[in-house]
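*Asks:* Just dropping this structure here.
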Amino acid sequence: MANYRKYDEDGQQLLGRYGEIFEQEYMAELNEQQNMFNPDYMSYLGSIAVKDTHTGYFSIDKKGRAVNSETKRGSDTADDISAYDLILKNKERLLSLDEPVRFIFSHSALREGWDNPNVFQICSLRQSNSISQKRQEVGRGLRLCVDSRGIRQDGDVLPDELHKVNRLTVIASEGYASFVSDLQKDIRADLYDRPMRADMEFFTGKIFTMPDGTKHTVTTAEAQDIYFQLRMNGYITKSGEVTELFHTDLQGGTLKPLDDDLQPYTEQVYKRVQSIFDPKVLDDMIDDGSKPQTPENKLNDNFAKKEFQELWHRINHKYAYTVDFDSEEHIGKVDGFETLMQLVNAE
C-alpha cells in the first residue's frame with residue numbers, strides 16, 4: 001500500500017512511489033497522444049484532473065483508517081465518497097462517465113467477489129504462484145460489459161462486435177505464462193465438449209470473421225441452408241455427424257464450395273465443422289499480447305502544412321550505392337600481403 005499512497009503525521013493522504021509514477025506517465029501519454037481516441041473522448045479525458053482519475057483500495061480501508069478519515073477522495077462536495085465505498089459498494093457510480101475514476105490500484109479487491117463488469121485491463125504488479133488467486137483475478141475481466149444504461153453487451157446487442165468490445169488484456173510477468181497456457185487449454189476443452197454435431201443449432205447465431213475483417217452473424221435461415229448443403233455434399237449425416245468423405249476432401253483440399261448466397265462463407269463454414277474434431281482451428285480465439293504490434297500512425301494537422309511538406313520532400317528520398325571492385329588488383333594486393341607476412345615470419 002505504501003508504494004501507492006501513504007499518510008503524513010496528520011493523517012493526510014500522500015502519493016507513494018507508484019502513485020507518482022502513474023501520474024507522470026499518464027500525463028505524458030495524454031499530452032503526446034492527442035489522437036489516441038476520437039475528439040469527444042479526448043476532450044472528456046482532458047477534463048479530468050490526473051489526481052481524480054485514479055484511486056486505490058487496500059485491506060486497511062475496510063478496517064477504518066481511510067474510510068473514516070475526514071479526507072475524502074476528489075472534490076470537497078457533499079456527495080463525495082471514499083475509495084472503499086466507490087469501488088466495492090457503488091458500482092453504478094463507478095461505471096458512470098460522471099465519475100472520473102478510471103484506474104484502480106488494489107491489494108485484494110479482485111479476490112473478494114468484486115462486482116464490476118467493465119474491467120478491460122488487468123496489470124499485475126507483483127508475482128503470485130497461487131493458481132486460484134490468478135483465476136479469481138482474471139475472472140473479474142471475463143464478464144460481458146454493460147453500457148451507460150446498464151444494458152449487457154451480449155450477442156443480441158452487439159452481433160458483429162461482441163468479441164471486439166468484450167476483450168480482456170492482462171499485463172503480467174512471465175509467471176503467468178504457464179497459467180495462461182493451462183487456462184486456454186481448459187477453455188478449449190470446454191468448447192470441444194459441447195459441439196459434437198454439425199446441425200442447425202451448431203451454426204445458428206455464430207459469428208464468421210471474413211478475410212477483410214468484417215463479421216457476419218449466421219441467421220436461422222442461413223443455418224438451415226448450410227445444414228442442407230452439407231447433407232447434399234455428403235459431409236454430414238442426418239443427425240449432423242461428420243462423415244469420412246469430409247475428412248477425405250479436407251485432407252485432399254477438394255471440399256466443395258457452398259452455393260448461392262453461402263458461397264462467401266465456405267471457408268468459415270468448413271472451419272467450424274473442422275473444429276468438432278480438430279482443436280487447432282480454434283487457436284486464434286485467444287490473442288497473444290506478447291506478439292509485436294504496430295500501432296496505427298495517425299497523422300495530425302502538421303502533416304499538411306507547407307513547411308513540413310517541403311522538409312519531407314527533401315528527406316524522404318531513397319538512395320542506393322554501388323561499389324565496383326577490380327578483382328585482379330584485389331587478388332594482387334592479397335598476394336603481396338601474404339608474401340610480406342612470410343618474410344616477417346622468416347626473420
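Naming works like this for the C-alpha cells: A, B, ... for the chains as they're shown, residue 1 at the start of each chain, ligands 1 onward in shown order.
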Hey, what's within 12 Å of Pro211 of chain A if we count only C-alpha atoms and toss same-chain stuff fewer than 2 positions away? As a CSV table (one decimal) with C-alpha atoms, in the first residue's frame, please?

*Replies:*
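File selection-v3.csv, as written:
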chain,number,residue,atom,x,y,z
A,208,PHE,CA,-18.0,-15.5,-39.1
A,209,THR,CA,-14.9,-13.3,-39.5
A,213,GLY,CA,-12.1,-8.2,-41.1
A,214,THR,CA,-15.8,-7.7,-41.3
A,215,LYS,CA,-18.1,-10.0,-39.3
A,216,HIS,CA,-21.3,-11.8,-40.2
A,264,PRO,CA,-18.6,-16.3,-49.5
A,265,TYR,CA,-18.8,-18.2,-46.2
A,266,THR,CA,-17.5,-21.5,-47.5
A,267,GLU,CA,-14.2,-21.3,-45.6
A,268,GLN,CA,-15.7,-20.2,-42.4

*Asks:* With only C-alpha atoms as the counted atoms, please give the residues lying no more than 7 Å from Pro100 of chain A, apart from itself and same-chain residues fewer than 2 positions off, as a short mmCIF file (atom, residue, chain, number, x, y, z; two decimals) with N, CA and C atoms, in the first residue's frame.

*Replies:*
data_model
loop_
_atom_site.label_atom_id
_atom_site.label_comp_id
_atom_site.auth_asym_id
_atom_site.auth_seq_id
_atom_site.Cartn_x
_atom_site.Cartn_y
_atom_site.Cartn_z
N ILE A 48 -10.61 15.72 -16.98
CA ILE A 48 -10.41 15.02 -15.71
C ILE A 48 -9.02 15.35 -15.15
N ASP A 52 -7.71 12.81 -9.94
CA ASP A 52 -9.05 12.25 -9.78
C ASP A 52 -9.29 11.00 -10.62
N THR A 53 -8.40 10.72 -11.58
CA THR A 53 -8.64 9.60 -12.49
C THR A 53 -8.14 8.28 -11.93
N LEU A 97 -19.97 7.84 -16.59
CA LEU A 97 -18.99 8.79 -17.12
C LEU A 97 -18.88 10.04 -16.26
N ASP A 98 -19.85 10.24 -15.36
CA ASP A 98 -19.76 11.37 -14.44
C ASP A 98 -18.72 11.13 -13.36
N ARG A 102 -10.84 6.06 -13.40
CA ARG A 102 -10.72 5.09 -14.48
C ARG A 102 -9.60 4.09 -14.23
#

*Asks:* List the neighbours of Leu144 of chain A out to 9 Å using only C-alpha atoms; skip same-chain residues closer than 3 positions along the sequence, and give me the result as a PyMOL selection string.

*Replies:* chain A and resi 117-118+141+152-154+162+165-166

*Asks:* Near Phe179 of chain A, counting only C-alpha atoms, which residues have an atom at most 12 Å away, once you skip same-chain residues fewer than 5 positions from it, shown as a list in words?

*Replies:*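 Here the qualifying residues turn out to be Ser128, Asn129, Ser130, Ile131, Ser132, Gln133, Lys134, Arg135, Val138, Val170, Ala172, Ser173, Glu174, Gln184, Lys185 and Asp186 of chain A.
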
*Asks:* As a VMD selection string, which residues of segment 41-280 of chain A does DSSP assign to alpha helix (DSSP H)?

*Replies:* chain A and resid 41 to 46 59 to 62 65 to 68 83 to 88 91 to 95 131 to 139 162 to 165 176 to 193 200 to 203 220 to 232 244 to 252 266 to 274

*Asks:* Any idea what the distance is between atom CA of Tyr4 of chain A and atom CA of Leu30 of chain A?

*Replies:*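 One can read the atom CA of Tyr4 of chain A to atom CA of Leu30 of chain A distance as 20.8 Å.
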
*Asks:* What's the separation between atom CA of Gln13 of chain A and atom CA of Thr55 of chain A, in Å to one decimal place?

*Replies:* 11.3 Å

*Asks:* Counting only C-alpha atoms, what is within 12 Å of Asp260 of chain A, bar same-chain residues fewer than 2 positions away, as a PyMOL selection string?

*Replies:* chain A and resi 222+225-226+229+257-258+262-266

*Asks:* Using backbone DSSP assignments, extract all strand (DSSP E or B) residues from segment 116-167 of chain A; output them as a PDB file with all heavy atoms, in the first residue's frame.

*Replies:*
ATOM      1  N   GLN A 121      -8.689  -4.133 -18.598  1.00  0.00           N
ATOM      2  CA  GLN A 121      -7.246  -4.308 -18.455  1.00  0.00           C
ATOM      3  C   GLN A 121      -6.913  -4.662 -17.008  1.00  0.00           C
ATOM      4  O   GLN A 121      -7.439  -4.034 -16.085  1.00  0.00           O
ATOM      5  CB  GLN A 121      -6.463  -3.043 -18.844  1.00  0.00           C
ATOM      6  CG  GLN A 121      -6.510  -2.687 -20.321  1.00  0.00           C
ATOM      7  CD  GLN A 121      -7.675  -1.814 -20.651  1.00  0.00           C
ATOM      8  OE1 GLN A 121      -8.197  -1.093 -19.800  1.00  0.00           O
ATOM      9  NE2 GLN A 121      -8.110  -1.848 -21.898  1.00  0.00           N
ATOM     10  N   ILE A 122      -6.074  -5.663 -16.839  1.00  0.00           N
ATOM     11  CA  ILE A 122      -5.578  -6.030 -15.514  1.00  0.00           C
ATOM     12  C   ILE A 122      -4.061  -6.072 -15.592  1.00  0.00           C
ATOM     13  O   ILE A 122      -3.492  -6.791 -16.412  1.00  0.00           O
ATOM     14  CB  ILE A 122      -6.120  -7.398 -15.060  1.00  0.00           C
ATOM     15  CG1 ILE A 122      -7.643  -7.346 -14.895  1.00  0.00           C
ATOM     16  CG2 ILE A 122      -5.470  -7.819 -13.747  1.00  0.00           C
ATOM     17  CD1 ILE A 122      -8.257  -8.686 -14.515  1.00  0.00           C
ATOM     18  N   CYS A 123      -3.410  -5.306 -14.743  1.00  0.00           N
ATOM     19  CA  CYS A 123      -1.947  -5.261 -14.707  1.00  0.00           C
ATOM     20  C   CYS A 123      -1.488  -5.717 -13.337  1.00  0.00           C
ATOM     21  O   CYS A 123      -1.750  -5.062 -12.328  1.00  0.00           O
ATOM     22  CB  CYS A 123      -1.446  -3.849 -15.008  1.00  0.00           C
ATOM     23  SG  CYS A 123       0.353  -3.710 -14.972  1.00  0.00           S
ATOM     24  N   VAL A 146     -21.274  -3.755 -19.679  1.00  0.00           N
ATOM     25  CA  VAL A 146     -22.554  -3.056 -19.790  1.00  0.00           C
ATOM     26  C   VAL A 146     -22.295  -1.645 -20.302  1.00  0.00           C
ATOM     27  O   VAL A 146     -21.191  -1.105 -20.165  1.00  0.00           O
ATOM     28  CB  VAL A 146     -23.295  -2.993 -18.437  1.00  0.00           C
ATOM     29  CG1 VAL A 146     -23.581  -4.386 -17.915  1.00  0.00           C
ATOM     30  CG2 VAL A 146     -22.476  -2.203 -17.401  1.00  0.00           C
ATOM     31  N   ARG A 152     -26.469  -5.163 -20.762  1.00  0.00           N
ATOM     32  CA  ARG A 152     -25.385  -6.109 -21.026  1.00  0.00           C
ATOM     33  C   ARG A 152     -25.088  -6.168 -22.526  1.00  0.00           C
ATOM     34  O   ARG A 152     -25.985  -6.332 -23.345  1.00  0.00           O
ATOM     35  CB  ARG A 152     -25.784  -7.493 -20.520  1.00  0.00           C
ATOM     36  CG  ARG A 152     -24.652  -8.495 -20.469  1.00  0.00           C
ATOM     37  CD  ARG A 152     -23.726  -8.244 -19.319  1.00  0.00           C
ATOM     38  NE  ARG A 152     -24.361  -8.404 -18.021  1.00  0.00           N
ATOM     39  CZ  ARG A 152     -23.718  -8.276 -16.869  1.00  0.00           C
ATOM     40  NH1 ARG A 152     -22.423  -7.973 -16.871  1.00  0.00           N
ATOM     41  NH2 ARG A 152     -24.341  -8.432 -15.728  1.00  0.00           N
TER      42      ARG A 152
END
